[in-house]
Amino acid sequence: MNETTRLETFSDGIFAIAATLLILEVGVHSVSGDRLGHELWHIWPSYLAFVTSFVVIGIIWINHHHTVSLIGRVDRTFLFINNLLLLTIAFLPFPTKVVAQYLQRDGERAAALLYAGTLVVMAALHQVWWRYARTGRRLIAEHVSDAELRAVDRAYAPGVAMYGLVFVVAFFSPLASVALTLAIAAFYVPSAALFAER
């Protein structure tokens, strides 16, 4: 069994559970049939928050999967950092629910700051996770080229700064901060191009 198999299996389980929990937070209040259509439209912030968080989790899972394929061994420190990263992934459904409930209502700034702050921590931990494995090729597999490592560096480099911008924007426009989060996730969708060797 590959040394990274258990790490990836456990991680995949956390990603899957977190992504599934997101939809459980989308619901409508009990209303009469003729008001159901209005209620379904009224909860649009829930749809926005769900799609945004699902795409964020999906992109992080794709990137996590790719970078684990470059790692040839693990140690206790790396496993601990991985668990901290997974902690933020598992936590994400909570700020997603909060921002869905309060967007366009009183308290929306605090909700957006909680959401954006969680993403900043997640991006920072992902960077620490990669840097620990990559520095001095500490945990990198022998067959992996330096060009592949530089490609991952380029892809990860803007993450913390971009989510930091989302956090700042949340002070002025909570809705814009959530929309910007979705845009950042879309930026990472073409993972093959971002991780391409140059």
# chains A, B, ... in the order shown; residues from 1 in each chain; ligands from 1

call {"tool": "residues_around", "arguments": {"residues": "Tyr115 of chain A", "least_positions_apart": "2", "cutoff": "7 Å", "atoms": "only C-alpha atoms", "output": "number ranges by chain"}}
result
A: 95-96, 99, 111-113, 117-119

call {"tool": "write_last_selection", "arguments": {"atoms": "N, CA, C and O atoms", "output": "PDB file, in the first residue's frame"}}
result
ATOM      1  N   PRO A  95     -20.289  28.308   8.326  1.00  0.00           N
ATOM      2  CA  PRO A  95     -20.351  29.676   7.808  1.00  0.00           C
ATOM      3  C   PRO A  95     -21.171  29.787   6.532  1.00  0.00           C
ATOM      4  O   PRO A  95     -21.745  30.849   6.252  1.00  0.00           O
ATOM      5  N   THR A  96     -21.248  28.701   5.767  1.00  0.00           N
ATOM      6  CA  THR A  96     -22.103  28.710   4.574  1.00  0.00           C
ATOM      7  C   THR A  96     -23.558  28.901   4.978  1.00  0.00           C
ATOM      8  O   THR A  96     -24.287  29.708   4.377  1.00  0.00           O
ATOM      9  N   VAL A  99     -24.048  32.599   6.272  1.00  0.00           N
ATOM     10  CA  VAL A  99     -24.095  33.615   5.226  1.00  0.00           C
ATOM     11  C   VAL A  99     -25.361  33.462   4.388  1.00  0.00           C
ATOM     12  O   VAL A  99     -25.937  34.451   3.922  1.00  0.00           O
ATOM     13  N   ALA A 111     -21.757  37.879   9.023  1.00  0.00           N
ATOM     14  CA  ALA A 111     -21.860  36.569   8.375  1.00  0.00           C
ATOM     15  C   ALA A 111     -20.836  36.438   7.254  1.00  0.00           C
ATOM     16  O   ALA A 111     -20.156  35.401   7.127  1.00  0.00           O
ATOM     17  N   ALA A 112     -20.710  37.482   6.441  1.00  0.00           N
ATOM     18  CA  ALA A 112     -19.754  37.453   5.324  1.00  0.00           C
ATOM     19  C   ALA A 112     -18.318  37.419   5.823  1.00  0.00           C
ATOM     20  O   ALA A 112     -17.458  36.757   5.228  1.00  0.00           O
ATOM     21  N   LEU A 113     -18.045  38.117   6.928  1.00  0.00           N
ATOM     22  CA  LEU A 113     -16.700  38.097   7.492  1.00  0.00           C
ATOM     23  C   LEU A 113     -16.351  36.720   8.045  1.00  0.00           C
ATOM     24  O   LEU A 113     -15.216  36.245   7.904  1.00  0.00           O
ATOM     25  N   GLY A 117     -13.404  34.811   6.409  1.00  0.00           N
ATOM     26  CA  GLY A 117     -12.326  34.478   7.332  1.00  0.00           C
ATOM     27  C   GLY A 117     -12.009  32.990   7.326  1.00  0.00           C
ATOM     28  O   GLY A 117     -10.838  32.591   7.390  1.00  0.00           O
ATOM     29  N   THR A 118     -13.044  32.172   7.239  1.00  0.00           N
ATOM     30  CA  THR A 118     -12.839  30.721   7.155  1.00  0.00           C
ATOM     31  C   THR A 118     -12.052  30.363   5.907  1.00  0.00           C
ATOM     32  O   THR A 118     -11.141  29.524   5.940  1.00  0.00           O
ATOM     33  N   LEU A 119     -12.372  31.020   4.792  1.00  0.00           N
ATOM     34  CA  LEU A 119     -11.676  30.744   3.538  1.00  0.00           C
ATOM     35  C   LEU A 119     -10.219  31.197   3.588  1.00  0.00           C
ATOM     36  O   LEU A 119      -9.344  30.535   3.023  1.00  0.00           O
TER      37      LEU A 119
END

call {"tool": "residues_around", "arguments": {"residues": "segment 71-88 of chain A", "least_positions_apart": "5", "cutoff": "6 Å", "atoms": "only C-alpha atoms", "output": "number ranges by chain"}}
result
A: 3, 122, 125, 129, 139-141

call {"tool": "write_last_selection", "arguments": {"atoms": "N, CA, C and O atoms", "output": "PDB file, in the first residue's frame"}}
result
ATOM      1  N   GLU A   3       2.284   4.830   0.766  1.00  0.00           N
ATOM      2  CA  GLU A   3       2.324   5.497   2.075  1.00  0.00           C
ATOM      3  C   GLU A   3       1.293   6.612   2.199  1.00  0.00           C
ATOM      4  O   GLU A   3       0.894   6.973   3.293  1.00  0.00           O
ATOM      5  N   MET A 122      -8.419  28.581   5.554  1.00  0.00           N
ATOM      6  CA  MET A 122      -8.304  27.382   4.734  1.00  0.00           C
ATOM      7  C   MET A 122      -7.201  27.525   3.687  1.00  0.00           C
ATOM      8  O   MET A 122      -6.385  26.615   3.499  1.00  0.00           O
ATOM      9  N   LEU A 125      -3.754  27.431   5.415  1.00  0.00           N
ATOM     10  CA  LEU A 125      -3.374  26.071   5.814  1.00  0.00           C
ATOM     11  C   LEU A 125      -3.004  25.216   4.605  1.00  0.00           C
ATOM     12  O   LEU A 125      -2.080  24.388   4.675  1.00  0.00           O
ATOM     13  N   TRP A 129       0.483  23.446   4.202  1.00  0.00           N
ATOM     14  CA  TRP A 129       0.477  22.008   3.876  1.00  0.00           C
ATOM     15  C   TRP A 129       1.398  21.718   2.709  1.00  0.00           C
ATOM     16  O   TRP A 129       2.243  20.811   2.781  1.00  0.00           O
ATOM     17  N   LEU A 139       8.972  15.725   1.273  1.00  0.00           N
ATOM     18  CA  LEU A 139       8.088  14.566   1.141  1.00  0.00           C
ATOM     19  C   LEU A 139       7.758  14.245  -0.323  1.00  0.00           C
ATOM     20  O   LEU A 139       6.918  13.391  -0.594  1.00  0.00           O
ATOM     21  N   ILE A 140       8.424  14.906  -1.238  1.00  0.00           N
ATOM     22  CA  ILE A 140       8.117  14.753  -2.651  1.00  0.00           C
ATOM     23  C   ILE A 140       8.684  13.440  -3.196  1.00  0.00           C
ATOM     24  O   ILE A 140       9.806  13.052  -2.866  1.00  0.00           O
ATOM     25  N   ALA A 141       7.912  12.775  -4.048  1.00  0.00           N
ATOM     26  CA  ALA A 141       8.359  11.525  -4.658  1.00  0.00           C
ATOM     27  C   ALA A 141       9.543  11.782  -5.590  1.00  0.00           C
ATOM     28  O   ALA A 141       9.660  12.860  -6.190  1.00  0.00           O
TER      29      ALA A 141
END

call {"tool": "select_by_dssp", "arguments": {"residues": "chain A", "states": "alpha helix (DSSP H)", "output": "PyMOL selection string"}}
result
chain A and resi 5-24+36-42+44-68+76-91+93-102+108-134+146-156+159-172+174-187+191-194

call {"tool": "residues_around", "arguments": {"residues": "Thr9 of chain A", "least_positions_apart": "5", "cutoff": "12 Å", "atoms": "only C-alpha atoms", "output": "list in words"}}
result
Met1, Asn2, Glu3, Thr4, Ile14, Phe15, Ala16, Trp61, His64, His65 and Val68 of chain A

call {"tool": "write_last_selection", "arguments": {"atoms": "N, CA and C atoms", "output": "PDB file, in the first residue's frame"}}
result
ATOM      1  N   MET A   1       0.853  -1.201   0.000  1.00  0.00           N
ATOM      2  CA  MET A   1       0.000   0.000   0.000  1.00  0.00           C
ATOM      3  C   MET A   1       0.885   1.246   0.000  1.00  0.00           C
ATOM      4  N   ASN A   2       0.566   2.178  -0.904  1.00  0.00           N
ATOM      5  CA  ASN A   2       1.299   3.441  -0.969  1.00  0.00           C
ATOM      6  C   ASN A   2       1.194   4.163   0.367  1.00  0.00           C
ATOM      7  N   GLU A   3       2.284   4.830   0.766  1.00  0.00           N
ATOM      8  CA  GLU A   3       2.324   5.497   2.075  1.00  0.00           C
ATOM      9  C   GLU A   3       1.293   6.612   2.199  1.00  0.00           C
ATOM     10  N   THR A   4       0.854   7.174   1.063  1.00  0.00           N
ATOM     11  CA  THR A   4      -0.105   8.277   1.105  1.00  0.00           C
ATOM     12  C   THR A   4      -1.559   7.814   0.963  1.00  0.00           C
ATOM     13  N   ILE A  14     -13.658  13.204   4.300  1.00  0.00           N
ATOM     14  CA  ILE A  14     -14.009  14.504   4.884  1.00  0.00           C
ATOM     15  C   ILE A  14     -14.537  15.447   3.811  1.00  0.00           C
ATOM     16  N   PHE A  15     -13.874  15.492   2.672  1.00  0.00           N
ATOM     17  CA  PHE A  15     -14.342  16.342   1.572  1.00  0.00           C
ATOM     18  C   PHE A  15     -15.762  15.958   1.162  1.00  0.00           C
ATOM     19  N   ALA A  16     -16.021  14.659   1.038  1.00  0.00           N
ATOM     20  CA  ALA A  16     -17.337  14.189   0.601  1.00  0.00           C
ATOM     21  C   ALA A  16     -18.418  14.535   1.616  1.00  0.00           C
ATOM     22  N   TRP A  61     -10.512  19.888  -3.334  1.00  0.00           N
ATOM     23  CA  TRP A  61     -10.362  18.427  -3.424  1.00  0.00           C
ATOM     24  C   TRP A  61      -9.538  18.037  -4.651  1.00  0.00           C
ATOM     25  N   HIS A  64      -5.969  19.059  -3.979  1.00  0.00           N
ATOM     26  CA  HIS A  64      -5.428  18.171  -2.946  1.00  0.00           C
ATOM     27  C   HIS A  64      -5.068  16.824  -3.570  1.00  0.00           C
ATOM     28  N   HIS A  65      -5.970  16.302  -4.395  1.00  0.00           N
ATOM     29  CA  HIS A  65      -5.738  15.019  -5.059  1.00  0.00           C
ATOM     30  C   HIS A  65      -4.486  15.079  -5.939  1.00  0.00           C
ATOM     31  N   VAL A  68      -1.244  15.407  -3.736  1.00  0.00           N
ATOM     32  CA  VAL A  68      -0.931  14.159  -3.028  1.00  0.00           C
ATOM     33  C   VAL A  68      -0.250  13.175  -3.980  1.00  0.00           C
TER      34      VAL A  68
END

call {"tool": "residues_around", "arguments": {"residues": "Trp130 of chain A", "least_positions_apart": "6", "cutoff": "9 Å", "atoms": "only C-alpha atoms", "output": "VMD selection string"}}
result
chain A and resid 67 152 to 153 156

call {"tool": "write_last_selection", "arguments": {"atoms": "N, CA, C and O atoms", "output": "PDB file, in the first residue's frame"}}
result
ATOM      1  N   THR A  67      -1.869  17.209  -5.769  1.00  0.00           N
ATOM      2  CA  THR A  67      -0.619  17.382  -5.041  1.00  0.00           C
ATOM      3  C   THR A  67      -0.249  16.141  -4.227  1.00  0.00           C
ATOM      4  O   THR A  67       0.934  15.832  -4.087  1.00  0.00           O
ATOM      5  N   VAL A 152       2.745  23.839  -9.390  1.00  0.00           N
ATOM      6  CA  VAL A 152       1.873  23.872  -8.213  1.00  0.00           C
ATOM      7  C   VAL A 152       2.102  25.161  -7.432  1.00  0.00           C
ATOM      8  O   VAL A 152       1.149  25.797  -6.963  1.00  0.00           O
ATOM      9  N   ASP A 153       3.354  25.579  -7.303  1.00  0.00           N
ATOM     10  CA  ASP A 153       3.656  26.841  -6.619  1.00  0.00           C
ATOM     11  C   ASP A 153       2.893  27.996  -7.257  1.00  0.00           C
ATOM     12  O   ASP A 153       2.298  28.826  -6.560  1.00  0.00           O
ATOM     13  N   TYR A 156      -0.885  27.816  -6.427  1.00  0.00           N
ATOM     14  CA  TYR A 156      -1.248  28.089  -5.035  1.00  0.00           C
ATOM     15  C   TYR A 156      -0.906  29.507  -4.587  1.00  0.00           C
ATOM     16  O   TYR A 156      -1.504  30.031  -3.640  1.00  0.00           O
TER      17      TYR A 156
END

call {"tool": "atom_distance", "arguments": {"atom1": "atom CA of Asp12 of chain A", "atom2": "atom CA of Pro93 of chain A"}}
result
16.2 Å

call {"tool": "residues_around", "arguments": {"residues": "Gln127 of chain A", "least_positions_apart": "3", "cutoff": "8 Å", "atoms": "only C-alpha atoms", "output": "ChimeraX atom specification"}}
result
/A:123-124,130-131,156-157,160

call {"tool": "write_last_selection", "arguments": {"atoms": "C-alpha atoms", "output": "compact mmCIF listing (two decimals), in the first residue's frame"}}
result
# COMPACT_ATOMS: atom_id res chain seq x y z
CA ALA A 123 -6.14 28.90 1.99
CA ALA A 124 -3.33 29.62 4.47
CA TRP A 130 2.08 22.27 0.45
CA ARG A 131 5.13 24.22 1.58
CA TYR A 156 -1.25 28.09 -5.04
CA ALA A 157 0.60 31.41 -4.79
CA VAL A 160 -4.25 33.60 0.42

call {"tool": "residues_around", "arguments": {"residues": "Ala185 of chain A", "least_positions_apart": "2", "cutoff": "9 Å", "atoms": "only C-alpha atoms", "output": "list in words"}}
result
Thr52, Ser53, Val55, Val56, Ile59, Leu180, Thr181, Leu182, Ala183, Phe187, Tyr188 and Val189 of chain A
